[in-house]
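Source file protein_14.tsv; content: TSV, C-alpha atoms.
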```tsv
chain	number	residue	atom	x	y	z
L	15	MET	CA	115.75	86.68	141.69
L	16	MET	CA	114.74	84.23	144.44
L	17	ASN	CA	116.49	85.17	147.68
L	18	SER	CA	114.56	83.50	150.50
L	19	ALA	CA	112.44	80.43	151.03
L	20	SER	CA	110.44	82.22	153.74
L	21	ARG	CA	108.84	84.89	151.58
L	22	ARG	CA	108.18	85.82	148.00
L	23	PRO	CA	110.78	88.23	146.62
L	24	LYS	CA	109.52	91.79	146.20
L	25	LEU	CA	109.50	92.90	142.56
L	26	ALA	CA	108.76	96.37	141.23
L	27	ILE	CA	107.96	97.17	137.61
L	28	ILE	CA	108.22	100.75	136.36
L	29	TYR	CA	105.89	101.14	133.41
L	30	GLY	CA	103.95	103.70	131.39
L	31	PRO	CA	100.15	103.40	131.04
L	32	LEU	CA	99.03	99.97	132.27
L	33	LEU	CA	97.43	98.40	129.20
L	34	HIS	CA	94.88	95.59	129.35
L	35	TYR	CA	97.06	93.02	127.56
L	36	ARG	CA	99.80	93.34	130.21
L	37	ILE	CA	97.55	92.30	133.09
L	38	ALA	CA	97.71	88.54	132.43
L	39	LEU	CA	101.53	88.72	132.32
L	40	PHE	CA	101.71	90.66	135.58
L	41	ASP	CA	99.21	88.29	137.21
L	42	ALA	CA	101.44	85.37	136.21
L	43	LEU	CA	104.48	87.11	137.73
L	44	SER	CA	102.54	87.76	140.92
L	45	GLU	CA	102.21	84.01	141.49
L	46	ARG	CA	105.93	83.94	142.22
L	47	TYR	CA	106.72	87.51	143.28
L	48	ASP	CA	105.21	90.10	145.58
L	49	LEU	CA	104.69	92.45	142.64
L	50	THR	CA	103.96	96.18	142.55
L	51	VAL	CA	103.51	97.92	139.19
L	52	PHE	CA	104.24	101.65	139.18
L	53	THR	CA	102.28	103.10	136.27
L	54	THR	CA	101.52	106.52	134.80
L	55	ALA	CA	97.84	105.67	134.24
L	56	PHE	CA	95.36	102.84	134.86
L	57	VAL	CA	91.60	102.97	134.45
L	58	GLY	CA	90.66	99.30	134.84
L	59	PRO	CA	89.23	97.48	137.90
L	60	ARG	CA	91.69	96.36	140.56
L	61	ALA	CA	89.56	93.97	142.60
L	62	HIS	CA	90.79	90.77	140.95
L	63	LEU	CA	94.40	91.73	140.22
L	64	GLY	CA	97.09	89.52	141.68
L	65	PHE	CA	99.49	92.45	142.01
L	66	LYS	CA	99.48	95.94	143.51
L	67	VAL	CA	99.15	99.03	141.32
L	68	GLU	CA	100.56	102.45	142.21
L	69	VAL	CA	99.52	105.23	139.83
L	70	ILE	CA	101.93	108.17	139.83
L	71	ARG	CA	100.76	110.84	137.40
L	72	PRO	CA	103.63	112.26	135.36
L	73	TRP	CA	104.56	115.89	134.93
L	74	ARG	CA	105.47	116.74	131.35
L	75	ILE	CA	108.34	119.06	130.46
L	76	GLY	CA	108.30	119.35	126.69
L	77	SER	CA	108.72	115.83	125.33
L	78	PHE	CA	110.05	114.56	128.67
L	79	GLN	CA	108.17	113.39	131.74
L	80	VAL	CA	108.92	112.98	135.42
L	81	GLN	CA	107.00	111.19	138.18
L	82	PRO	CA	107.40	113.08	141.45
L	83	GLY	CA	107.66	110.71	144.39
L	84	LEU	CA	108.34	107.58	142.36
L	85	ARG	CA	111.87	107.11	143.62
L	86	GLY	CA	110.77	107.63	147.22
L	87	GLN	CA	108.08	104.96	146.91
L	88	LEU	CA	110.53	102.52	145.35
L	89	ARG	CA	113.04	103.10	148.12
L	90	HIS	CA	110.36	102.80	150.80
L	91	GLY	CA	109.14	99.52	149.30
L	92	ARG	CA	112.60	97.96	149.68
L	93	PHE	CA	112.24	95.80	146.60
L	94	ASP	CA	114.62	92.94	145.90
L	95	SER	CA	114.43	93.51	142.14
L	96	CYS	CA	113.11	96.14	139.77
L	97	ILE	CA	112.27	95.98	136.07
L	98	SER	CA	112.25	99.39	134.39
L	99	PHE	CA	110.69	100.05	131.00
L	100	VAL	CA	113.35	102.10	129.21
L	101	ASP	CA	112.08	105.25	127.54
L	102	VAL	CA	114.70	107.99	127.15
L	103	ARG	CA	111.95	110.60	127.58
L	104	HIS	CA	110.91	109.13	130.94
L	105	ILE	CA	113.44	110.63	133.31
L	106	ASP	CA	112.54	108.62	136.39
L	107	SER	CA	112.59	105.22	134.69
L	108	LEU	CA	116.11	105.97	133.46
L	109	ALA	CA	117.18	107.32	136.84
L	110	ALA	CA	116.03	104.08	138.47
L	111	VAL	CA	118.56	102.22	136.28
L	112	PHE	CA	121.51	104.61	136.54
L	113	PHE	CA	120.96	105.20	140.28
L	114	PRO	CA	119.61	101.74	141.23
L	115	VAL	CA	116.50	101.54	143.40
L	116	ALA	CA	116.89	97.81	144.10
L	117	PRO	CA	119.77	95.35	144.48
L	118	GLN	CA	118.93	93.83	141.09
L	119	MET	CA	117.93	96.03	138.16
L	120	PHE	CA	116.56	94.84	134.81
L	121	CYS	CA	115.46	96.83	131.77
L	122	TRP	CA	112.69	96.06	129.32
L	123	GLY	CA	111.60	97.31	125.92
L	124	VAL	CA	114.81	98.69	124.41
L	125	TRP	CA	115.25	99.22	120.68
L	126	LEU	CA	117.57	101.48	118.70
L	127	THR	CA	116.35	104.50	116.73
L	128	ARG	CA	117.85	107.11	114.42
L	129	SER	CA	118.99	109.24	117.36
L	130	GLU	CA	122.56	108.23	118.20
L	131	MET	CA	122.51	110.19	121.45
L	132	ALA	CA	119.36	108.36	122.57
L	133	ASN	CA	120.90	105.05	121.47
L	134	ARG	CA	123.97	105.66	123.62
L	135	ILE	CA	121.72	106.25	126.62
L	136	ARG	CA	119.84	103.01	125.88
L	137	LEU	CA	123.08	101.04	125.55
L	138	ALA	CA	124.39	102.50	128.80
L	139	ALA	CA	121.13	101.49	130.51
L	140	VAL	CA	121.42	97.92	129.23
L	141	ASN	CA	125.03	97.73	130.41
L	142	ARG	CA	124.03	98.94	133.89
L	143	CYS	CA	121.47	96.15	134.35
L	144	GLU	CA	121.67	92.51	135.36
L	145	ALA	CA	119.80	91.63	132.16
L	146	ALA	CA	117.59	93.14	129.48
L	147	VAL	CA	114.36	91.89	127.89
L	148	PHE	CA	113.42	92.78	124.30
L	149	TYR	CA	110.23	92.62	122.29
L	150	CYS	CA	111.83	90.76	119.37
L	151	GLN	CA	115.03	89.08	118.21
L	152	GLN	CA	115.86	91.96	115.86
L	153	HIS	CA	116.00	94.43	118.77
L	154	LEU	CA	118.29	92.06	120.68
L	155	GLU	CA	120.59	91.66	117.70
L	156	GLN	CA	120.86	95.44	117.32
L	157	ILE	CA	122.18	95.65	120.86
L	158	VAL	CA	124.57	92.70	120.42
L	159	ALA	CA	125.98	94.40	117.31
L	160	ARG	CA	126.90	97.34	119.53
L	161	GLY	CA	129.04	95.12	121.76
L	162	VAL	CA	126.68	94.03	124.55
L	163	ASP	CA	127.09	90.52	126.02
L	164	PRO	CA	124.29	88.36	124.51
L	165	ASP	CA	124.29	85.94	127.46
L	166	ARG	CA	122.23	88.39	129.55
L	167	LEU	CA	119.81	89.44	126.84
L	168	TYR	CA	116.38	87.78	126.39
L	169	VAL	CA	113.37	88.05	124.07
L	170	ALA	CA	109.77	88.09	125.35
L	171	PRO	CA	107.38	88.89	122.46
L	172	ASN	CA	104.14	90.70	123.11
L	173	THR	CA	101.24	88.30	123.49
L	174	VAL	CA	97.51	88.36	124.13
L	175	ALA	CA	96.24	86.02	126.86
L	176	MET	CA	93.65	83.52	125.58
L	177	PRO	CA	92.46	81.71	128.74
L	178	HIS	CA	89.47	80.14	126.94
L	179	MET	CA	91.09	79.48	123.59
L	180	ILE	CA	88.96	77.28	121.39
L	181	SER	CA	90.59	74.44	119.50
L	182	PRO	CA	92.20	75.45	116.20
L	183	SER	CA	90.07	74.91	113.14
L	184	PRO	CA	91.00	72.04	110.82
L	185	PRO	CA	93.62	73.05	108.23
L	186	GLU	CA	91.12	73.35	105.40
L	187	ALA	CA	89.10	75.89	107.44
L	188	ARG	CA	92.03	78.17	108.25
L	189	ASP	CA	91.80	81.06	105.88
L	190	SER	CA	93.65	84.10	107.23
L	191	ILE	CA	96.93	85.77	108.01
L	192	LEU	CA	96.28	87.50	111.34
L	193	PHE	CA	97.66	90.64	112.96
L	194	VAL	CA	96.45	91.80	116.39
L	195	GLY	CA	97.83	95.05	117.78
L	196	SER	CA	98.15	98.79	117.39
L	197	PHE	CA	98.36	100.41	113.97
L	198	THR	CA	101.61	102.35	114.39
L	199	ALA	CA	104.32	103.10	111.85
L	200	ARG	CA	106.99	100.99	113.52
L	201	LYS	CA	104.87	97.84	113.06
L	202	GLY	CA	105.46	98.01	109.30
L	203	LEU	CA	101.87	97.13	108.39
L	204	ASP	CA	102.18	99.06	105.12
L	205	ARG	CA	105.03	96.74	104.10
L	206	LEU	CA	103.03	93.68	105.13
L	207	LEU	CA	100.11	94.82	102.97
L	208	ARG	CA	102.39	95.30	99.95
L	209	LEU	CA	103.96	91.88	100.50
L	210	PHE	CA	100.52	90.33	100.80
L	211	ALA	CA	99.47	91.99	97.53
L	212	SER	CA	102.59	90.73	95.74
L	213	ALA	CA	102.02	87.18	97.01
L	214	LEU	CA	98.35	86.94	95.99
L	215	PRO	CA	99.06	85.01	92.75
L	216	GLU	CA	100.60	82.23	94.84
L	217	MET	CA	97.82	82.09	97.44
L	218	PRO	CA	94.51	80.25	97.50
L	219	GLY	CA	91.64	82.62	96.84
L	220	ARG	CA	90.17	82.01	100.30
L	221	VAL	CA	93.16	83.48	102.18
L	222	ARG	CA	92.53	86.91	103.71
L	223	PHE	CA	94.71	89.32	105.66
L	224	VAL	CA	92.95	90.22	108.93
L	225	LEU	CA	94.19	93.23	110.90
L	226	VAL	CA	92.56	93.49	114.32
L	227	GLY	CA	93.21	96.80	116.07
L	228	ASP	CA	93.33	100.53	115.50
L	229	GLY	CA	95.76	103.42	115.83
L	230	PRO	CA	97.28	106.48	114.15
L	231	GLU	CA	98.10	104.62	110.91
L	232	GLN	CA	94.56	103.38	110.35
L	233	ALA	CA	93.46	105.98	107.77
L	234	ARG	CA	96.67	105.51	105.78
L	235	LEU	CA	96.26	101.72	105.83
L	236	VAL	CA	92.64	101.95	104.64
L	237	THR	CA	93.81	104.12	101.73
L	238	LEU	CA	96.63	101.70	100.94
L	239	VAL	CA	94.23	98.73	100.91
L	240	SER	CA	92.12	100.58	98.34
L	241	ASP	CA	95.13	101.62	96.24
L	242	LEU	CA	96.42	98.03	96.15
L	243	GLY	CA	93.02	96.66	95.16
L	244	LEU	CA	92.79	94.53	98.30
L	245	ALA	CA	89.31	95.49	99.48
L	246	ASP	CA	88.05	91.92	98.98
L	247	ARG	CA	91.06	90.30	100.65
L	248	VAL	CA	91.71	92.48	103.72
L	249	GLU	CA	89.50	92.64	106.79
L	250	MET	CA	89.88	95.34	109.46
L	251	PRO	CA	87.26	94.69	112.18
L	252	GLY	CA	88.64	97.29	114.60
L	253	ARG	CA	89.97	96.88	118.11
L	254	VAL	CA	88.98	93.68	119.91
L	255	ASN	CA	90.14	93.33	123.52
L	256	ASP	CA	87.92	90.55	124.81
L	257	PRO	CA	89.71	87.16	124.64
L	258	ASP	CA	86.49	85.29	123.83
L	259	ALA	CA	85.87	87.62	120.88
L	260	LEU	CA	89.48	87.21	119.70
L	261	ALA	CA	89.46	83.42	119.93
L	262	PRO	CA	87.69	82.77	116.58
L	263	TYR	CA	90.22	84.95	114.76
L	264	TYR	CA	93.11	82.91	116.17
L	265	ALA	CA	91.34	79.62	115.54
L	266	ARG	CA	90.98	80.36	111.82
L	267	ALA	CA	94.47	81.82	111.34
L	268	LEU	CA	97.09	80.11	109.22
L	269	VAL	CA	99.67	82.27	111.01
L	270	SER	CA	99.55	85.25	113.37
```
Show the structure stored in the file as structure tokens.
Amino acid sequence: MMNSASRRPKLAIIYGPLLHYRIALFDALSERYDLTVFTTAFVGPRAHLGFKVEVIRPWRIGSFQVQPGLRGQLRHGRFDSCISFVDVRHIDSLAAVFFPVAPQMFCWGVWLTRSEMANRIRLAAVNRCEAAVFYCQQHLEQIVARGVDPDRLYVAPNTVAMPHMISPSPPEARDSILFVGSFTARKGLDRLLRLFASALPEMPGRVRFVLVGDGPEQARLVTLVSDLGLADRVEMPGRVNDPDALAPYYARALVS
């Protein structure tokens, strides 16, 4: 993506709502690229961001959304490269891939679902791009199984920046299996809880399952914890965004 020693390459990222845990990643990219993030919503402060933010409010048409003016801004910016988050319901992010808005196009966040028509659109988007970035190896392997060249596919797992991470606790003080994220069905937290329950006879009594976050599955997970008799072994402290507040959870984790 580097094309000149005299200036930083101009990179655009087309994204949905700009979430707090993406900011550290985008700041890191801005050290190398002149980065502009085109987002549907952002409510945080901008003063200390290393990148530019352009909020383009979407118009919703049923389950689909469009962002009037997005393509014009991308063209006007004359970006060298563009990374588009692929959501088949987001018309403009798909259009940016199929009708390229930059000399180099990349897609991010693809996974296959039960809708074969949507999957064909996703596969076509991946094939139109220079490369594709996935959240996990399983998503990448799904695409490879459908005939896509693996040499241009990459995995970048979601992470939480911990700039002031404290040193890990000694092994004897680590006492938890840690999850940090949103409580959504696709995360499979119900399966993790059942697996944890089945493995309890093989675990030391001090080991807990800590789920940090919230989301639409929260009530169902609370009920499942009760049904499985895990009230004394599962901790759900709620959403924690502050890195300093998260650090002790990571320090005491056997695995996250």
Tell me, as a list in words, which residues lie within 10 Å of range 153-158 of chain L, counting all atoms listed in the file; anything in the same chain fewer than 4 positions away does not count.
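Within the cut-off, the hits are Gly123, Val124, Trp125, Leu126, Asn133, Arg136, Leu137, Val140, Ala146, Val147, Phe148, Tyr149, Val162, Asp163, Pro164, Asp165, Leu167, Tyr168 and Val169 of chain L.
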Point out the residue among L:Val226, L:Pro23, L:Ser129, L:Met217 with the least atom-to-atom distance to Leu260 in chain L, counting only C-alpha atoms.
L:Val226
Choose the residue, out of L:Ala132, L:Leu214, L:Ala55, L:Ala145, that has the smallest atom-to-atom separation from Leu242 in chain L; count all atoms listed in the file.
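Closest to Leu242 in chain L, using all atoms listed in the file: L:Leu214.
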Between CA of Val80 in chain L and CA of Ala116 in chain L, what distance in Å does the model show, to one decimal?
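For CA of Val80 in chain L relative to CA of Ala116 in chain L, the distance reads 19.2 Å.
The two atoms in question, CA of Ala245 in chain L and CA of Ala265 in chain L, are spaced 22.7 Å apart.
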Between CA of Ala170 in chain L and CA of Cys150 in chain L, distance in Å (one decimal):
6.9 Å
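Of the residues listed (L:Ile191, L:Ala61, L:Val69, L:Ile27), L:Ile27 shows the shortest atom-to-atom separation from Trp122 in chain L; distances use only C-alpha atoms.
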For a cutoff of 10 Å around the file-coordinate point (110.8, 103.9, 131.4), which residues qualify once you count all atoms listed in the file? I'd like the result as a CSV table (one decimal) with C-alpha atoms, keeping the file's coordinate frame.
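Below is the file point.csv, written as the result:
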```csv
chain,number,residue,atom,x,y,z
L,27,ILE,CA,108.0,97.2,137.6
L,28,ILE,CA,108.2,100.8,136.4
L,29,TYR,CA,105.9,101.1,133.4
L,30,GLY,CA,104.0,103.7,131.4
L,53,THR,CA,102.3,103.1,136.3
L,79,GLN,CA,108.2,113.4,131.7
L,97,ILE,CA,112.3,96.0,136.1
L,98,SER,CA,112.2,99.4,134.4
L,99,PHE,CA,110.7,100.0,131.0
L,100,VAL,CA,113.4,102.1,129.2
L,101,ASP,CA,112.1,105.2,127.5
L,102,VAL,CA,114.7,108.0,127.2
L,103,ARG,CA,112.0,110.6,127.6
L,104,HIS,CA,110.9,109.1,130.9
L,105,ILE,CA,113.4,110.6,133.3
L,106,ASP,CA,112.5,108.6,136.4
L,107,SER,CA,112.6,105.2,134.7
L,108,LEU,CA,116.1,106.0,133.5
L,109,ALA,CA,117.2,107.3,136.8
L,110,ALA,CA,116.0,104.1,138.5
L,111,VAL,CA,118.6,102.2,136.3
L,121,CYS,CA,115.5,96.8,131.8
L,122,TRP,CA,112.7,96.1,129.3
L,123,GLY,CA,111.6,97.3,125.9
L,124,VAL,CA,114.8,98.7,124.4
```
Centre and edges of the range 121-124 of chain L box, axis-aligned, 5 Å extra per side, as AutoDock Vina command-line options:
```
--center_x 113.5 --center_y 97.4 --center_z 128.1 --size_x 13.9 --size_y 12.6 --size_z 17.4
```
Please, which residues are within 12 Å of (95.8, 90.9, 138.7) by the file's coordinates, counting all atoms listed in the file, and could they come as an NGL selection string?
:L and (32 or 34-45 or 48-51 or 58-67)
When distances are computed from all atoms listed in the file, which of L:Val115, L:Ser270, L:Val254, L:Gln87 shows the smallest separation from Glu68 in chain L?
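Between L:Val115, L:Ser270, L:Val254, L:Gln87, the residue approaching Glu68 in chain L most closely is L:Gln87.
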Which of L:Tyr264, L:Arg85, L:Asn255, L:Arg208 sits closest to Ser240 in chain L [using only C-alpha atoms]
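Among L:Tyr264, L:Arg85, L:Asn255, L:Arg208, it is L:Arg208 that comes nearest to Ser240 in chain L.
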Which of L:Arg222, L:His90, L:Arg160, L:Arg71 sits closest to Lys24 in chain L [using all atoms listed in the file]:
L:His90
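Proximity to Leu206 in chain L at 12 Å, evaluated using all atoms listed in the file and with sequence-adjacent residues fewer than 6 positions away removed, yields Ile191, Leu192, Phe193, Ala199, Arg200, Ser212, Ala213, Phe223, Val224, Leu225, Leu235, Leu238, Val239, Leu242 and Val248 of chain L.
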Assuming the input is short of atoms at range 182-211 of chain L, produce N, CA and C atoms for that part as a PDB file, in the frame of the given file.
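Saved to result_27.pdb:
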```
ATOM      1  N   PRO L 182      91.990  74.952 117.556  1.00  0.00           N
ATOM      2  CA  PRO L 182      92.200  75.450 116.200  1.00  0.00           C
ATOM      3  C   PRO L 182      91.285  74.759 115.198  1.00  0.00           C
ATOM      4  N   SER L 183      90.890  75.493 114.198  1.00  0.00           N
ATOM      5  CA  SER L 183      90.070  74.910 113.140  1.00  0.00           C
ATOM      6  C   SER L 183      90.902  73.905 112.356  1.00  0.00           C
ATOM      7  N   PRO L 184      90.245  72.955 111.679  1.00  0.00           N
ATOM      8  CA  PRO L 184      91.000  72.040 110.820  1.00  0.00           C
ATOM      9  C   PRO L 184      91.718  72.831 109.731  1.00  0.00           C
ATOM     10  N   PRO L 185      92.822  72.304 109.197  1.00  0.00           N
ATOM     11  CA  PRO L 185      93.620  73.050 108.230  1.00  0.00           C
ATOM     12  C   PRO L 185      92.825  73.631 107.071  1.00  0.00           C
ATOM     13  N   GLU L 186      91.862  72.872 106.565  1.00  0.00           N
ATOM     14  CA  GLU L 186      91.120  73.350 105.400  1.00  0.00           C
ATOM     15  C   GLU L 186      90.218  74.540 105.734  1.00  0.00           C
ATOM     16  N   ALA L 187      89.962  74.770 107.032  1.00  0.00           N
ATOM     17  CA  ALA L 187      89.100  75.890 107.440  1.00  0.00           C
ATOM     18  C   ALA L 187      89.901  77.130 107.832  1.00  0.00           C
ATOM     19  N   ARG L 188      91.208  77.014 107.888  1.00  0.00           N
ATOM     20  CA  ARG L 188      92.030  78.170 108.250  1.00  0.00           C
ATOM     21  C   ARG L 188      92.240  79.024 106.993  1.00  0.00           C
ATOM     22  N   ASP L 189      91.874  80.266 107.113  1.00  0.00           N
ATOM     23  CA  ASP L 189      91.800  81.060 105.880  1.00  0.00           C
ATOM     24  C   ASP L 189      92.327  82.484 106.054  1.00  0.00           C
ATOM     25  N   SER L 190      93.213  82.721 107.041  1.00  0.00           N
ATOM     26  CA  SER L 190      93.650  84.100 107.230  1.00  0.00           C
ATOM     27  C   SER L 190      95.080  84.191 107.729  1.00  0.00           C
ATOM     28  N   ILE L 191      95.689  85.321 107.387  1.00  0.00           N
ATOM     29  CA  ILE L 191      96.930  85.770 108.010  1.00  0.00           C
ATOM     30  C   ILE L 191      96.507  86.838 109.002  1.00  0.00           C
ATOM     31  N   LEU L 192      96.868  86.687 110.283  1.00  0.00           N
ATOM     32  CA  LEU L 192      96.280  87.500 111.340  1.00  0.00           C
ATOM     33  C   LEU L 192      97.307  88.426 111.979  1.00  0.00           C
ATOM     34  N   PHE L 193      96.906  89.688 112.145  1.00  0.00           N
ATOM     35  CA  PHE L 193      97.660  90.640 112.960  1.00  0.00           C
ATOM     36  C   PHE L 193      96.724  91.177 114.033  1.00  0.00           C
ATOM     37  N   VAL L 194      97.198  91.196 115.284  1.00  0.00           N
ATOM     38  CA  VAL L 194      96.450  91.800 116.390  1.00  0.00           C
ATOM     39  C   VAL L 194      97.365  92.790 117.089  1.00  0.00           C
ATOM     40  N   GLY L 195      96.982  94.055 117.121  1.00  0.00           N
ATOM     41  CA  GLY L 195      97.830  95.050 117.780  1.00  0.00           C
ATOM     42  C   GLY L 195      97.483  96.455 117.361  1.00  0.00           C
ATOM     43  N   SER L 196      98.370  97.379 117.703  1.00  0.00           N
ATOM     44  CA  SER L 196      98.150  98.790 117.390  1.00  0.00           C
ATOM     45  C   SER L 196      98.665  99.105 115.989  1.00  0.00           C
ATOM     46  N   PHE L 197      97.967  99.991 115.314  1.00  0.00           N
ATOM     47  CA  PHE L 197      98.360 100.410 113.970  1.00  0.00           C
ATOM     48  C   PHE L 197      99.307 101.596 114.098  1.00  0.00           C
ATOM     49  N   THR L 198     100.585 101.312 114.300  1.00  0.00           N
ATOM     50  CA  THR L 198     101.610 102.350 114.390  1.00  0.00           C
ATOM     51  C   THR L 198     102.652 102.112 113.314  1.00  0.00           C
ATOM     52  N   ALA L 199     103.386 103.168 112.971  1.00  0.00           N
ATOM     53  CA  ALA L 199     104.320 103.100 111.850  1.00  0.00           C
ATOM     54  C   ALA L 199     105.392 102.051 112.057  1.00  0.00           C
ATOM     55  N   ARG L 200     105.876 101.911 113.302  1.00  0.00           N
ATOM     56  CA  ARG L 200     106.990 100.990 113.520  1.00  0.00           C
ATOM     57  C   ARG L 200     106.602  99.526 113.339  1.00  0.00           C
ATOM     58  N   LYS L 201     105.294  99.220 113.290  1.00  0.00           N
ATOM     59  CA  LYS L 201     104.870  97.840 113.060  1.00  0.00           C
ATOM     60  C   LYS L 201     105.061  97.402 111.603  1.00  0.00           C
ATOM     61  N   GLY L 202     105.213  98.371 110.692  1.00  0.00           N
ATOM     62  CA  GLY L 202     105.460  98.010 109.300  1.00  0.00           C
ATOM     63  C   GLY L 202     104.271  97.387 108.592  1.00  0.00           C
ATOM     64  N   LEU L 203     103.052  97.740 108.999  1.00  0.00           N
ATOM     65  CA  LEU L 203     101.870  97.130 108.390  1.00  0.00           C
ATOM     66  C   LEU L 203     101.733  97.516 106.917  1.00  0.00           C
ATOM     67  N   ASP L 204     102.228  98.682 106.535  1.00  0.00           N
ATOM     68  CA  ASP L 204     102.180  99.060 105.120  1.00  0.00           C
ATOM     69  C   ASP L 204     103.031  98.097 104.293  1.00  0.00           C
ATOM     70  N   ARG L 205     104.180  97.697 104.823  1.00  0.00           N
ATOM     71  CA  ARG L 205     105.030  96.740 104.100  1.00  0.00           C
ATOM     72  C   ARG L 205     104.367  95.363 104.035  1.00  0.00           C
ATOM     73  N   LEU L 206     103.720  94.972 105.135  1.00  0.00           N
ATOM     74  CA  LEU L 206     103.030  93.680 105.130  1.00  0.00           C
ATOM     75  C   LEU L 206     101.917  93.658 104.088  1.00  0.00           C
ATOM     76  N   LEU L 207     101.176  94.757 103.970  1.00  0.00           N
ATOM     77  CA  LEU L 207     100.110  94.820 102.970  1.00  0.00           C
ATOM     78  C   LEU L 207     100.677  94.709 101.553  1.00  0.00           C
ATOM     79  N   ARG L 208     101.779  95.389 101.295  1.00  0.00           N
ATOM     80  CA  ARG L 208     102.390  95.300  99.950  1.00  0.00           C
ATOM     81  C   ARG L 208     102.906  93.897  99.663  1.00  0.00           C
ATOM     82  N   LEU L 209     103.497  93.260 100.682  1.00  0.00           N
ATOM     83  CA  LEU L 209     103.960  91.880 100.500  1.00  0.00           C
ATOM     84  C   LEU L 209     102.791  90.940 100.260  1.00  0.00           C
ATOM     85  N   PHE L 210     101.716  91.155 100.996  1.00  0.00           N
ATOM     86  CA  PHE L 210     100.520  90.330 100.800  1.00  0.00           C
ATOM     87  C   PHE L 210      99.997  90.499  99.381  1.00  0.00           C
ATOM     88  N   ALA L 211      99.953  91.732  98.897  1.00  0.00           N
ATOM     89  CA  ALA L 211      99.470  91.990  97.530  1.00  0.00           C
ATOM     90  C   ALA L 211     100.358  91.300  96.502  1.00  0.00           C
TER      91      ALA L 211
END
```
